[in-house]
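As structure tokens, the structure follows; a few thoughts come after it.
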Amino acid sequence: MPRPLEAFIHVDALLHNLQRARDCAPDARVWAVVKANAYGHGLERAFEGLRAADGFALLDIAEAQRLRKLDWRGPILLLEGVFEARDLEWCSRLGLWHVVHCDEQIDWLAQHKTEWPHRVFLKMNTGMNRLGFTPPAFRSAWARLSALPQVDEVSLMTHFSDADGPRGISQQTELFLSTCADLSGERSLCNSAGTLRHAQEASVRGDWVRPGIMLYGSSPDYPEHSAAHWGLQATMTLKSRVIAIQHLKAGDTVGYGSRFVADREMRLGVVACGYADGYPRHAPNGTPLLIDGVRVPLIGRVSMDMVTVDLSAASQARVGSEATLWGHGPLVDGQPTLLPIDDVAQHCGTVGYELMCALSQRVPVTAV
Ligand SMILES: *Cc1c(COP(=O)(O)O)cnc(C)c1O
């Protein structure tokens with residue numbers, strides 16, 4: 001028997017979450033952001049649930065090729081554009097749209113020989129200060145691009161730094177909209193947080209929204225709002241089993257570094273999942289897991305292949321009990337159980353994004 005650790009991708013939940021993005025941004029088109037192997041879900045599996053999107057946005061030409069192999073004929077957008085001039089040949093061959101965020105990318109385009117002019121998304125740096133032209137440089141970049149025979153249509157985009165938080169988007173939005181007020185081209189501003197929190201406003205919604213994390217059932221502004229608050233469904237379940245039980249006396253310690261010391265007699269469960277599977281090594285004591293659907297705290301340091309939990313709340317637990325690291329647990333008294341990935345992430349001082357993206361190669365994944 002293989003190790004009992006497995007991940008499941010809930011295809012219907014992807015479809016549901018995509019529909020949530022549509023509901024939040026009526027009459028905008030939706031780029032399903034599938035970078036990082038669809039946030040760890042597997043591009044091919046995610047595609048099953050997200051094929052109703054208007055386009056797919058990602059970073060790697062290799063991922064774009066995989067989508068074309070799945071017979072996706074619609075738009076694909078390279079969110080960071082090309083990394084060198086030669087990449088433009090792949091854009092021509094695969095019909096990829098690409099972001100243009102720096103002068104070098106325009107130089108490469110101007111040198112590029114193609115029969116098919118490219119659709120590009122010109123990116124404005126409105127304060128994030130990663131990629132894009134500053135507002136004063138943006139207009140000349142737009143003029144230069146628009147004049148190139150290699151370019152078909154120029155769309156306009158920016159990216160929010162604070163769509164999930166109290167700083168909000170108003171400064172960046174104003175800068176973006178005023179800078180491109182008299183420029184033609186479709187507009188794209190919103191990531192998931194923008195889509196959920198700010199897309200009621202038509203000018204913010206623009207022509208295309210770019211949700212990522214919300215499609216994967218994680219809330220971009222947790223703990224202010226949970227995935228359930230936003231009507232999002234979990235798309236990934238990571239589950240395993242209890243493979244051993246230890247009976248501790250007061251004073252006994254658990255695991256490497258003896259991080260946990262029992263202050264009483266207790267039962268401890270050993271679960272087959274560790275940091276080599278992508279579970280965060282820095283998970284502190286108290287990080288939740290479900291055992292047979294009952295919430296219990298992690299205790300002791302996470303090791304490569306195992307984690308240990310306090311079974312005090314789960315007296316029925318035995319070797320073979322189901323362990324949910326995140327996602328859907330078993331029915332308990334006929335009721336579904338759930339451990340939101342955001343809840344686990346929060347205990348570990350990170351975000352759902354990082355946990356799902358970190359799921360490691362050795363974990364078998366099944367689409368259900
Ligand atoms: C990753 C990314 C997104 C999606 O962000 P989420 O927070 O996952 O919704 C949108 N736009 C750009 C440019 C990105 O790089």
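In the structure tokens, each chain is lettered A, B, ... as it comes, each chain's residues begin at 1, and ligands are numbered from 1 in order of appearance.
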Distance query Pro2 of chain A at most 12 Å, only C-alpha atoms, self and fewer than 2 positions along chain excluded, as a list in words: Pro4, Leu5, Glu6, Ser240, Arg241, Ala272, Arg362, Val363 and Pro364 of chain A
6 Å shell around ligand 1 using only C-alpha atoms and all ligand atoms, listed as a list in words: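 So, counting only C-alpha atoms and all ligand atoms, the residues near ligand 1 are Val33, Leu79, His159, Asn191, Ser192, Arg210, Pro211, Gly212 and Ile213 of chain A.
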Let's have the selection written as a CSV table (one decimal), in the first residue's frame, with N, CA, C and O atoms.
```csv
chain,number,residue,atom,x,y,z
A,33,VAL,N,-6.4,33.0,-13.6
A,33,VAL,CA,-5.0,33.0,-13.4
A,33,VAL,C,-4.5,31.6,-12.9
A,33,VAL,O,-5.0,31.1,-11.9
A,79,LEU,N,1.7,36.9,-18.0
A,79,LEU,CA,1.6,38.1,-17.1
A,79,LEU,C,2.8,38.9,-16.8
A,79,LEU,O,2.8,40.0,-16.4
A,159,HIS,N,-1.7,46.7,-11.5
A,159,HIS,CA,-1.9,45.7,-10.5
A,159,HIS,C,-1.9,46.4,-9.1
A,159,HIS,O,-1.1,47.3,-8.8
A,191,ASN,N,-7.2,41.9,-9.4
A,191,ASN,CA,-6.9,40.5,-8.9
A,191,ASN,C,-8.1,40.0,-8.1
A,191,ASN,O,-9.2,40.7,-8.1
A,192,SER,N,-7.9,38.9,-7.4
A,192,SER,CA,-9.1,38.4,-6.6
A,192,SER,C,-9.6,39.4,-5.6
A,192,SER,O,-10.9,39.6,-5.5
A,210,ARG,N,-8.8,39.6,-13.3
A,210,ARG,CA,-7.7,38.6,-13.2
A,210,ARG,C,-7.7,37.9,-11.9
A,210,ARG,O,-6.7,37.9,-11.2
A,211,PRO,N,-8.7,37.1,-11.6
A,211,PRO,CA,-8.8,36.4,-10.3
A,211,PRO,C,-7.9,35.2,-10.3
A,211,PRO,O,-7.8,34.5,-11.3
A,212,GLY,N,-7.2,35.0,-9.3
A,212,GLY,CA,-6.4,33.8,-9.1
A,212,GLY,C,-6.9,33.1,-7.8
A,212,GLY,O,-7.7,32.2,-7.9
A,213,ILE,N,-6.4,33.5,-6.7
A,213,ILE,CA,-6.6,32.8,-5.4
A,213,ILE,C,-8.1,32.5,-5.2
A,213,ILE,O,-8.4,31.4,-4.6
```
Spatial neighbours of Val34 of chain A, max dist 10 Å, only C-alpha atoms, sep filter under 5 positions, as a ChimeraX atom specification: /A:39-43,46-47,50,56-59,63-64,211-213,215-216
Atom CA of Arg73 of chain A to atom CA of Gly95 of chain A, straight-line distance in Å: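 If I compute the distance from atom CA of Gly95 of chain A to atom CA of Arg73 of chain A, I get 8.7 Å.
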Coordinates-based distance that separates atom CA of Met128 of chain A from atom CA of Leu189 of chain A (Å, one decimal):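 Atom CA of Leu189 of chain A sits 12.5 Å away from atom CA of Met128 of chain A.
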Neighbour list for Pro340 of chain A as a ChimeraX atom specification, cut-off 8 Å, only C-alpha atoms, skip fewer than 4 positions in-chain: /A:218,227,234,326-327,344
